[in-house]
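Engineer: Below is the structure I would like to discuss, written out as structure tokens.
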Amino acid sequence: METVLKTNKLCKTFSNEGLQQHVLKNLDVELYKGDFTVIMGSSGAGKTTLLYALSGMDKPTLGEIWFKGEKISGYSSDRLAVFRRANCGFVFQQIYLIDKMSVMDNVLISGLLTGQNRTTVIQNAERLFTQVNIDAAAQRKFPSQLSGGEQQRAAVVRGLINQPEILFADEPTGALNSNNSSAVLDVLSAFNQAGQTIVMVTHDIKSALRGNRIIYLNDGVVCGECRLSRYAEEDSERRGKLEAFLEDLRW
Ligand SMILES: Nc1ncnc2c1ncn2[C@@H]1O[C@H](COP(=O)(O)OP(=O)(O)O)[C@@H](O)[C@H]1O
Ligand SMILES: [Mg+2]
């Protein structure tokens, strides 16, 4: 297995009105190419904080983050931003598409920011939109004119427009109804099956079953992990294995 991301004693401390809160505590984790890694853990465990640190959205307080052979934890903010645009894609629970521009323009902006040629970006965007089943008419609409599920699938397109090494998703279906959630998860599964490395935070067992590796976070450290085979999601043995793993952790 090829390692894409690895931390060494990662710490993140927030200061709130003079009070220090240690959110990540000497956390060690390794992520592998091609995996669909799922991060679970109770609310406040530090999942979002970890995702932001791993993806260069935020800097750790102490410790190292290695992306392949590159130590990104020492980068300046500017250098980190360049690294992030080239290597990381994001999908957020709140979606965060800009509503003053079309769905297509939301995606093109992200692509053009990395200095890619406009024609190439448009071609890539059109291909990705087709893969997530958003047609040309919907691409020209404003985000608010689409359903939540369509908006989130468009956000997945935006996240993938720069062909990132890793797509990070923080509770991507947390604000969606069940049908829309399934459609978004179907899209993520399909991209993973085509080779895309994905790291997703979720609370939900059904969503977690889309992954092949589950990491459980508690109080700022990794306290368990479980590998699931890649066979059918509805396989009851597979679900049983995940449920037993979570039960052991008193989830
Ligand atoms: N920017 C911040 N400033 C201060 N405290 C924060 C900040 N971000 C997160 N925290 C605190 O860190 C803890 C973990 O948050 P978070 O990583 O969002 O947890 P999770 O995603 O697992 O629910 C929470 O107690 C939260 O209040
Ligand atoms: Mg969170």
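Identifiers in this document derive from the order of the structure tokens: chains are assigned A, B, ..., residues are numbered from 1 separately in each chain, and ligands are numbered from 1 in order of occurrence.
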Which residues are near ligand 2 - at most 9 Å, using only C-alpha atoms and all ligand atoms? Format: as a ChimeraX atom specification.
Structural biologist: /A:43-49,51,170-171,201-202
Engineer: Would you mind listing the residues within 12 Å of ligand 1, counting only C-alpha atoms and all ligand atoms, as JSON, numbers by chain?
Structural biologist: {"A": [11, 12, 13, 14, 15, 16, 17, 18, 19, 20, 21, 22, 23, 24, 25, 39, 40, 41, 42, 43, 44, 45, 46, 47, 48, 49, 50, 51, 52, 53, 57, 58, 59, 60, 92, 93, 169, 170, 171, 174, 200, 201, 202, 203, 216, 217, 218, 219, 220, 221, 222]}
Engineer: Keeping only C-alpha atoms, take the residues you just selected and write them out as a JSON list (two decimals), in the first residue's frame.
Structural biologist:
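Contents of again23.json, as written:
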[["chain", "number", "residue", "atom", "x", "y", "z"],
["A", 11, "CYS", "CA", -1.20, 18.36, 18.08],
["A", 12, "LYS", "CA", -3.75, 21.11, 17.70],
["A", 13, "THR", "CA", -4.52, 23.41, 20.58],
["A", 14, "PHE", "CA", -7.07, 26.19, 20.52],
["A", 15, "SER", "CA", -7.01, 29.10, 22.92],
["A", 16, "ASN", "CA", -10.40, 30.30, 24.01],
["A", 17, "GLU", "CA", -10.31, 33.39, 26.25],
["A", 18, "GLY", "CA", -6.98, 32.37, 27.72],
["A", 19, "LEU", "CA", -8.13, 28.78, 28.21],
["A", 20, "GLN", "CA", -6.23, 26.17, 26.20],
["A", 21, "GLN", "CA", -8.12, 23.33, 24.64],
["A", 22, "HIS", "CA", -6.01, 20.44, 23.38],
["A", 23, "VAL", "CA", -8.07, 19.03, 20.54],
["A", 24, "LEU", "CA", -5.55, 16.77, 18.75],
["A", 25, "LYS", "CA", -3.11, 15.05, 21.10],
["A", 39, "ILE", "CA", -13.31, 8.98, 10.11],
["A", 40, "MET", "CA", -15.87, 8.42, 12.85],
["A", 41, "GLY", "CA", -16.08, 9.50, 16.48],
["A", 42, "SER", "CA", -18.38, 11.42, 18.78],
["A", 43, "SER", "CA", -19.16, 15.09, 18.32],
["A", 44, "GLY", "CA", -16.25, 17.22, 19.50],
["A", 45, "ALA", "CA", -13.71, 14.39, 19.14],
["A", 46, "GLY", "CA", -11.64, 16.51, 16.73],
["A", 47, "LYS", "CA", -12.67, 15.04, 13.37],
["A", 48, "THR", "CA", -13.07, 18.34, 11.55],
["A", 49, "THR", "CA", -9.92, 19.69, 13.16],
["A", 50, "LEU", "CA", -8.02, 16.64, 11.93],
["A", 51, "LEU", "CA", -9.42, 16.95, 8.40],
["A", 52, "TYR", "CA", -8.45, 20.63, 8.27],
["A", 53, "ALA", "CA", -4.91, 19.86, 9.44],
["A", 57, "MET", "CA", -6.66, 24.16, 5.56],
["A", 58, "ASP", "CA", -5.26, 24.85, 9.01],
["A", 59, "LYS", "CA", -1.83, 24.48, 10.59],
["A", 60, "PRO", "CA", -1.08, 22.11, 13.45],
["A", 92, "PHE", "CA", -18.34, 20.36, 3.16],
["A", 93, "GLN", "CA", -21.58, 19.60, 4.95],
["A", 169, "ALA", "CA", -15.36, 15.30, 2.71],
["A", 170, "ASP", "CA", -16.63, 16.50, 6.10],
["A", 171, "GLU", "CA", -20.07, 15.02, 6.75],
["A", 174, "GLY", "CA", -25.14, 15.65, 7.03],
["A", 200, "MET", "CA", -14.69, 11.26, 4.71],
["A", 201, "VAL", "CA", -16.00, 12.15, 8.15],
["A", 202, "THR", "CA", -19.41, 10.77, 9.01],
["A", 203, "HIS", "CA", -21.68, 9.91, 11.94],
["A", 216, "TYR", "CA", -12.22, 5.97, 15.11],
["A", 217, "LEU", "CA", -11.25, 9.18, 16.84],
["A", 218, "ASN", "CA", -11.82, 9.83, 20.51],
["A", 219, "ASP", "CA", -10.68, 12.84, 22.47],
["A", 220, "GLY", "CA", -8.03, 13.83, 19.94],
["A", 221, "VAL", "CA", -6.39, 10.45, 19.34],
["A", 222, "VAL", "CA", -7.03, 7.52, 17.05]]
Engineer: Of the candidates A:Val121, A:Leu54, A:Leu62, A:Val132, which shows the shortest atom-to-atom distance to Val107 in chain A, using only C-alpha atoms?
Structural biologist: A:Val121
Engineer: Please return as a VMD selection string: the residues of range 41-250 of chain A that backbone DSSP assigns to helix (DSSP H, G or I).
Structural biologist: chain A and resid 47 to 54 72 to 74 77 to 87 103 to 112 118 to 131 136 to 139 143 to 145 148 to 160 178 to 193 205 to 208 236 to 248
Engineer: Write out as number ranges by chain all residues of range 18-158 of chain A that DSSP puts in strand (DSSP E) for this structure's backbone.
Structural biologist: A: 19-27, 30-32, 36-40, 62-67, 70-71, 88-92
Engineer: Keeping only N, CA and C atoms, write the selected residues to a file as a tab-separated table (two decimals), in the first residue's frame.
Structural biologist:
chain	number	residue	atom	x	y	z
A	19	LEU	N	-8.05	30.19	27.83
A	19	LEU	CA	-8.13	28.78	28.21
A	19	LEU	C	-7.67	27.92	27.03
A	20	GLN	N	-6.73	26.99	27.29
A	20	GLN	CA	-6.23	26.17	26.20
A	20	GLN	C	-7.03	24.88	26.09
A	21	GLN	N	-7.42	24.60	24.86
A	21	GLN	CA	-8.12	23.33	24.64
A	21	GLN	C	-7.29	22.47	23.69
A	22	HIS	N	-6.82	21.34	24.20
A	22	HIS	CA	-6.01	20.44	23.38
A	22	HIS	C	-6.94	19.52	22.61
A	23	VAL	N	-7.07	19.76	21.33
A	23	VAL	CA	-8.07	19.03	20.54
A	23	VAL	C	-7.45	17.80	19.86
A	24	LEU	N	-6.27	17.94	19.29
A	24	LEU	CA	-5.55	16.77	18.75
A	24	LEU	C	-4.32	16.56	19.65
A	25	LYS	N	-4.13	15.32	20.08
A	25	LYS	CA	-3.11	15.05	21.10
A	25	LYS	C	-2.13	13.98	20.63
A	26	ASN	N	-1.03	14.42	20.07
A	26	ASN	CA	0.00	13.48	19.57
A	26	ASN	C	-0.60	12.41	18.67
A	27	LEU	N	-1.41	12.87	17.75
A	27	LEU	CA	-2.15	11.92	16.92
A	27	LEU	C	-1.29	11.39	15.77
A	30	GLU	N	-2.00	7.25	9.33
A	30	GLU	CA	-1.40	7.09	8.01
A	30	GLU	C	-2.54	6.80	7.03
A	31	LEU	N	-2.51	7.45	5.89
A	31	LEU	CA	-3.57	7.25	4.89
A	31	LEU	C	-2.96	6.71	3.61
A	32	TYR	N	-3.69	5.80	2.97
A	32	TYR	CA	-3.13	5.09	1.81
A	32	TYR	C	-3.88	5.43	0.53
A	36	PHE	N	-10.81	4.45	0.58
A	36	PHE	CA	-11.92	5.33	0.96
A	36	PHE	C	-11.93	5.24	2.48
A	37	THR	N	-11.20	6.16	3.12
A	37	THR	CA	-11.07	6.14	4.58
A	37	THR	C	-12.21	6.93	5.19
A	38	VAL	N	-12.81	6.37	6.21
A	38	VAL	CA	-13.91	7.04	6.91
A	38	VAL	C	-13.45	7.36	8.33
A	39	ILE	N	-13.65	8.59	8.75
A	39	ILE	CA	-13.31	8.98	10.11
A	39	ILE	C	-14.60	9.12	10.91
A	40	MET	N	-14.68	8.35	11.99
A	40	MET	CA	-15.87	8.42	12.85
A	40	MET	C	-15.42	8.85	14.25
A	62	LEU	N	1.67	21.55	16.89
A	62	LEU	CA	2.93	20.80	16.99
A	62	LEU	C	2.79	19.52	16.17
A	63	GLY	N	3.94	18.91	15.89
A	63	GLY	CA	3.91	17.64	15.17
A	63	GLY	C	4.10	17.84	13.67
A	64	GLU	N	4.17	16.72	12.98
A	64	GLU	CA	4.47	16.77	11.55
A	64	GLU	C	3.37	16.16	10.71
A	65	ILE	N	3.23	16.71	9.50
A	65	ILE	CA	2.37	16.09	8.50
A	65	ILE	C	3.20	15.90	7.24
A	66	TRP	N	3.24	14.67	6.76
A	66	TRP	CA	3.99	14.34	5.56
A	66	TRP	C	3.03	13.96	4.44
A	67	PHE	N	3.18	14.64	3.32
A	67	PHE	CA	2.43	14.28	2.12
A	67	PHE	C	3.43	13.64	1.18
A	70	GLU	N	6.97	14.92	1.24
A	70	GLU	CA	7.05	16.35	1.53
A	70	GLU	C	6.52	16.65	2.93
A	71	LYS	N	7.28	17.37	3.72
A	71	LYS	CA	6.78	17.74	5.04
A	71	LYS	C	6.01	19.05	4.91
A	88	CYS	N	-5.43	18.79	-2.91
A	88	CYS	CA	-6.57	18.45	-2.06
A	88	CYS	C	-7.86	19.02	-2.61
A	89	GLY	N	-8.90	18.22	-2.58
A	89	GLY	CA	-10.25	18.71	-2.90
A	89	GLY	C	-11.10	18.61	-1.66
A	90	PHE	N	-12.15	19.40	-1.59
A	90	PHE	CA	-13.00	19.44	-0.40
A	90	PHE	C	-14.46	19.38	-0.71
A	91	VAL	N	-15.18	18.71	0.16
A	91	VAL	CA	-16.65	18.76	0.14
A	91	VAL	C	-17.07	18.98	1.59
A	92	PHE	N	-17.93	19.98	1.80
A	92	PHE	CA	-18.34	20.36	3.16
A	92	PHE	C	-19.81	20.04	3.37
Engineer: Considering only C-alpha atoms, can you say which of A:Gly69, A:Gly74, A:Pro143, A:Gly115 comes closest to Gly56 in chain A?
Structural biologist: A:Gly74
Engineer: Can you tell me how far CA of Asp35 in chain A sits from CA of Ala232 in chain A, in Å to one decimal?
Structural biologist: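 Interatomic distance, CA of Asp35 in chain A to CA of Ala232 in chain A: 15.6 Å.
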Engineer: Which is closest to Arg227 in chain A among A:Ile122, A:Lys241, A:Asn212, A:Leu10, if we use only C-alpha atoms?
Structural biologist: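 Once distances to Arg227 in chain A are computed over only C-alpha atoms, the minimum belongs to A:Asn212.
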Engineer: Work out how far apart CA of Cys226 in chain A and CA of Lys33 in chain A are and give it in Å to one decimal.
Structural biologist: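 Taking CA of Cys226 in chain A as the start and CA of Lys33 in chain A as the end point, the length is 16.6 Å.
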Engineer: Show me, as a list in words, the residues that have an atom within 10 Å of range 188-196 of chain A when counting only C-alpha atoms, minus same-chain residues fewer than 5 positions from it.
Structural biologist: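 Surrounding residues, per the criterion: Lys33, Gly34, Asp35, Phe36, Leu128, Gln131, Val132, Arg153, Val156, Leu160, Gln163, Pro164, Glu165, Ile166, Leu167, Ala169, Pro172, Ser182, Ala183, Arg210, Gly211 and Arg230 of chain A.
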Engineer: Just to be explicit: take each residue in the selection above, keep C-alpha atoms, and write the result as a short mmCIF file (atom, residue, chain, number, x, y, z; two decimals), in the first residue's frame.
Structural biologist:
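Saved result, again24.cif, follows:
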data_model
loop_
_atom_site.label_atom_id
_atom_site.label_comp_id
_atom_site.auth_asym_id
_atom_site.auth_seq_id
_atom_site.Cartn_x
_atom_site.Cartn_y
_atom_site.Cartn_z
CA LYS A 33 -3.61 5.70 -1.86
CA GLY A 34 -6.85 4.38 -3.31
CA ASP A 35 -8.53 3.93 0.08
CA PHE A 36 -11.92 5.33 0.96
CA LEU A 128 -17.17 15.37 -14.19
CA GLN A 131 -20.28 11.54 -14.17
CA VAL A 132 -22.36 13.02 -11.34
CA ARG A 153 -22.81 16.62 -6.34
CA VAL A 156 -17.96 17.11 -5.53
CA LEU A 160 -12.28 17.10 -8.12
CA GLN A 163 -7.56 16.09 -10.01
CA PRO A 164 -6.52 16.14 -6.36
CA GLU A 165 -4.51 13.35 -4.81
CA ILE A 166 -7.07 13.27 -1.98
CA LEU A 167 -10.71 14.31 -1.81
CA ALA A 169 -15.36 15.30 2.71
CA PRO A 172 -21.03 15.58 3.10
CA SER A 182 -27.55 8.09 -1.38
CA ALA A 183 -26.99 9.90 -4.66
CA ARG A 210 -19.14 3.16 1.61
CA GLY A 211 -15.58 3.17 2.89
CA ARG A 230 -14.63 -3.86 -0.79
#
Engineer: Find the residue from A:Gln152, A:Met1, A:Arg158, A:Phe168 that sits nearest to Leu185 in chain A; use only C-alpha atoms when measuring.
Structural biologist: A:Gln152
Engineer: Could you check how far CA of Asp99 in chain A sits from CA of Ser144 in chain A, in Å to one decimal?
Structural biologist: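 Atom-to-atom, CA of Asp99 in chain A to CA of Ser144 in chain A, that is 6.5 Å.
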Engineer: Pick the closest to Gly149 in chain A from A:Ala125, A:Val4, A:Ile95, A:Met104: which is it, counting only C-alpha atoms?
Structural biologist: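 Of the candidates, the smallest distance to Gly149 in chain A is held by A:Ile95.
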Engineer: Would you kindly return, as a PyMOL selection string, each protein, DNA or RNA residue with an atom no farther than 10 Å from any atom of Leu209 in chain A, considering only C-alpha atoms and excluding same-chain residues fewer than 2 positions away?
Structural biologist: chain A and resi 36+38+204-207+211-214+228-230+232-235+238-239+242
